[in-house]
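Asker: Quick one: the structure is below, questions incoming.
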Amino acid sequence: DVKVTQSSRYLVKRTGEKVFLECVQDMDHENMFWYRQDPGLGLRLIYFSYDVKMKEKGDIPEGYSVSREKKERFSLILESASTNQTSMYLCASSLNFPGTEAFFGQGTRLTVV
Amino acid sequence: AQSVAQPEDQVNVAEGNPLTVKCTYSVSGNPYLFWYVQYPNRGLQFLLKYITGDNLVKGSYGFEAEFNKSQTSFHLKKPSALVSDSALYFCAVRETGSARQLTFGSGTQLTVLP
């Protein structure tokens with residue numbers, strides 16, 4: 001089975017801190033994604049990466065950056081956390097084929113205080 | 001730009017009754033369509049997808065979905081609901097030719113009443 005693992009289930013950070021969310025997949029997938037999930041808004045794409053060191057902005061990239069130095073690992077970085085970034089963050093990966101499904105990690109619930 | 005609409009925030013159904021969770025989409029080309037389920041404090045689990053071919057797609061846990069191109073819909077169905085089906089359901093779309101942007105709907109909370 002495909003496994004996508006996010007480093008933390010729950011995080012509490014202070015306003016202004018730099019926050020790293022880590023994601024690792026074990027299926028050699030080309031594509032990796034970071035989504036943010038908020039009630040009533042569904043999942044919104046923050047960034048995705050289609051290859052090592054390659055990235056594209058999603059729908060809501062402001063306040064975030066990403067890093068993909070190795071194929072299996074995709075990191076989301078909050079440069080200076082703010083309370084409006086309190087949310088559930090979901091990482092996903094997929095093959096680089098449009099008809100393939102994405103596989104999701106268990107999510108990281110981040111609270112910024 | 002592609003988009004997905006799930007018109008119902010909440011669907012309630014009695015156990016044993018059929019259930020339908022609605023989804024409509026908008027893409028400029030042909031769509032690939034997906035349904036996912038999310039249980040509390042968990043990630044999303046893949047249920048089924050439509051790529052091409054038969055308009056009725058069967059997936060995990062007895063779920064199926066019907067692709068209707070003229071109505072741009074991809075409704076999720078199950079003939080007999082279980083209490084354990086209670087969860088948050090998401091529809092998603094991706095345009096053919098692009099493996100990148102997967103766009104999700106806002107989600108529908110399904111509650112199956114015993």
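Within each chain, counting starts at residue 1; across the structure tokens, chains are named A, B, ... in the order shown, with ligands numbered 1 upward in that order.
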Could you give me, as number ranges by chain, the residues within 8 Å of range 59-70 of chain A, counting only C-alpha atoms and dropping anything in the same chain fewer than 3 positions from it?

Answerer: A: 44-47, 49, 51-55, 73-80

Asker: Residues as selected, C-alpha atoms, written as a PDB file, in the first residue's frame, can you do that?

Answerer:
ATOM      1  CA  ARG A  44      -7.493  24.333  -1.158  1.00  0.00           C
ATOM      2  CA  LEU A  45      -4.196  23.738  -2.901  1.00  0.00           C
ATOM      3  CA  ILE A  46      -1.243  25.643  -1.456  1.00  0.00           C
ATOM      4  CA  TYR A  47       1.639  24.294  -3.563  1.00  0.00           C
ATOM      5  CA  SER A  49       5.696  19.781  -6.887  1.00  0.00           C
ATOM      6  CA  ASP A  51       9.754  16.826  -9.601  1.00  0.00           C
ATOM      7  CA  VAL A  52      12.688  17.373  -7.298  1.00  0.00           C
ATOM      8  CA  LYS A  53      13.333  21.089  -6.836  1.00  0.00           C
ATOM      9  CA  MET A  54      10.301  21.906  -9.024  1.00  0.00           C
ATOM     10  CA  LYS A  55       7.236  23.616  -7.611  1.00  0.00           C
ATOM     11  CA  ARG A  73      10.003  14.349   0.760  1.00  0.00           C
ATOM     12  CA  PHE A  74       7.977  17.550   0.433  1.00  0.00           C
ATOM     13  CA  SER A  75       8.101  20.214   3.119  1.00  0.00           C
ATOM     14  CA  LEU A  76       5.705  23.076   3.743  1.00  0.00           C
ATOM     15  CA  ILE A  77       7.138  26.131   5.449  1.00  0.00           C
ATOM     16  CA  LEU A  78       5.261  28.887   7.207  1.00  0.00           C
ATOM     17  CA  GLU A  79       7.818  31.681   7.256  1.00  0.00           C
ATOM     18  CA  SER A  80       6.109  33.616  10.037  1.00  0.00           C
TER      19      SER A  80
END

Asker: Can you tell me which residues surround Leu110 in chain A at a distance of at most 7 Å, considering only C-alpha atoms, apart from same-chain residues fewer than 5 positions away, and format the answer as a PyMOL selection string?

Answerer: chain A and resi 10-12+86-88

Asker: Write a file of the selected residues as a JSON list (two decimals), in the first residue's frame, keeping N, CA and C atoms.

Answerer:
[["chain", "number", "residue", "atom", "x", "y", "z"],
["A", 10, "TYR", "N", -0.52, 16.77, 15.44],
["A", 10, "TYR", "CA", -0.95, 18.02, 16.06],
["A", 10, "TYR", "C", 0.27, 18.88, 16.34],
["A", 11, "LEU", "N", 0.10, 20.17, 16.07],
["A", 11, "LEU", "CA", 1.16, 21.14, 16.36],
["A", 11, "LEU", "C", 0.54, 22.39, 16.94],
["A", 12, "VAL", "N", 1.19, 22.98, 17.93],
["A", 12, "VAL", "CA", 0.80, 24.28, 18.45],
["A", 12, "VAL", "C", 2.03, 25.18, 18.36],
["A", 86, "THR", "N", -4.06, 28.86, 11.24],
["A", 86, "THR", "CA", -4.58, 27.74, 12.01],
["A", 86, "THR", "C", -5.51, 26.93, 11.12],
["A", 87, "SER", "N", -5.21, 25.65, 10.94],
["A", 87, "SER", "CA", -5.95, 24.85, 9.97],
["A", 87, "SER", "C", -5.48, 23.40, 10.02],
["A", 88, "MET", "N", -6.17, 22.56, 9.23],
["A", 88, "MET", "CA", -5.70, 21.20, 8.97],
["A", 88, "MET", "C", -4.91, 21.22, 7.66]]

Asker: What are the residues of chain A that have an atom within 7 Å of an atom of chain B, counting only C-alpha atoms, as a list in words?

Answerer: Gly40, Leu41, Gly42, Leu43, Leu90, Asn96, Phe97, Pro98, Gly99, Phe104, Gly105, Gln106 and Gly107 of chain A

Asker: Atoms to include: N, CA and C atoms. Write the selected residues as a CSV table (one decimal), in the first residue's frame.

Answerer:
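After the write, again22.csv holds the following:
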chain,number,residue,atom,x,y,z
A,40,GLY,N,-16.2,24.1,5.5
A,40,GLY,CA,-17.0,24.9,4.5
A,40,GLY,C,-16.3,25.3,3.3
A,41,LEU,N,-15.0,25.2,3.3
A,41,LEU,CA,-14.1,25.6,2.1
A,41,LEU,C,-13.5,24.4,1.4
A,42,GLY,N,-13.6,23.2,2.0
A,42,GLY,CA,-13.1,22.1,1.3
A,42,GLY,C,-11.5,22.1,1.4
A,43,LEU,N,-10.9,21.5,0.4
A,43,LEU,CA,-9.5,21.5,0.3
A,43,LEU,C,-9.0,22.5,-0.7
A,90,LEU,N,-3.0,19.0,4.8
A,90,LEU,CA,-2.9,17.6,4.2
A,90,LEU,C,-1.9,17.5,3.1
A,96,ASN,N,2.5,10.9,-12.1
A,96,ASN,CA,2.3,12.0,-13.0
A,96,ASN,C,1.4,11.6,-14.2
A,97,PHE,N,0.2,11.2,-13.9
A,97,PHE,CA,-0.7,10.8,-14.9
A,97,PHE,C,-2.1,11.3,-14.5
A,98,PRO,N,-2.8,12.0,-15.4
A,98,PRO,CA,-4.0,12.7,-15.0
A,98,PRO,C,-5.1,11.8,-14.4
A,99,GLY,N,-5.2,10.5,-14.8
A,99,GLY,CA,-6.2,9.6,-14.3
A,99,GLY,C,-5.9,8.9,-13.1
A,104,PHE,N,-3.3,10.4,0.3
A,104,PHE,CA,-3.2,11.4,1.3
A,104,PHE,C,-2.6,10.9,2.6
A,105,GLY,N,-1.8,11.8,3.3
A,105,GLY,CA,-1.4,11.6,4.6
A,105,GLY,C,-2.5,11.8,5.6
A,106,GLN,N,-2.2,11.6,6.9
A,106,GLN,CA,-3.2,11.6,7.9
A,106,GLN,C,-3.6,13.0,8.4
A,107,GLY,N,-2.8,14.0,7.9
A,107,GLY,CA,-3.1,15.4,8.2
A,107,GLY,C,-2.4,15.9,9.4

Asker: From the options B:Val112, B:Ala65, B:Ala87, B:Ala81, which residue's atoms come nearest to Lys22 in chain B, counting only C-alpha atoms?

Answerer: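 Of B:Val112, B:Ala65, B:Ala87, B:Ala81, the one nearest Lys22 in chain B, counting only C-alpha atoms, is B:Ala65.
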
Asker: Just want the 8 Å neighbourhood of Phe74 in chain B, counted on only C-alpha atoms, with same-chain residues fewer than 2 positions away dropped. Output as a list in words.

Answerer: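 My list of contacting residues is Lys22, Cys23, Thr24, Tyr25, Leu33, Ala65, Glu66, Phe67, Asn68, Thr72 and Leu76 of chain B.
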
Asker: To one decimal place, how far is CA of Arg109 in chain A from CA of Ala92 in chain A in Å?

Answerer: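 Straight-line distance from CA of Arg109 in chain A to CA of Ala92 in chain A works out to 15.2 Å.
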
Asker: What does the distance between CA of Asp54 in chain B and CA of Ser70 in chain B come to in Å, to one decimal place?

Answerer: 14.8 Å

Asker: Expressed in Å to a single decimal, how great is the separation between CA of Asn17 in chain B and CA of Ser80 in chain B?

Answerer: 5.0 Å

Asker: Near His29 in chain A, counting only C-alpha atoms, which residues have an atom at most 10 Å away, once you skip same-chain residues fewer than 5 positions from it, shown as JSON, numbers by chain?

Answerer: {"A": [2, 50, 51, 71, 72, 92, 93, 94, 95, 96, 102, 103]}

Asker: From chain B, collect each residue whose DSSP state is helix (DSSP H, G or I) and return the set as an MDAnalysis selection string.

Answerer: chainID B and resid 60:62 83:85
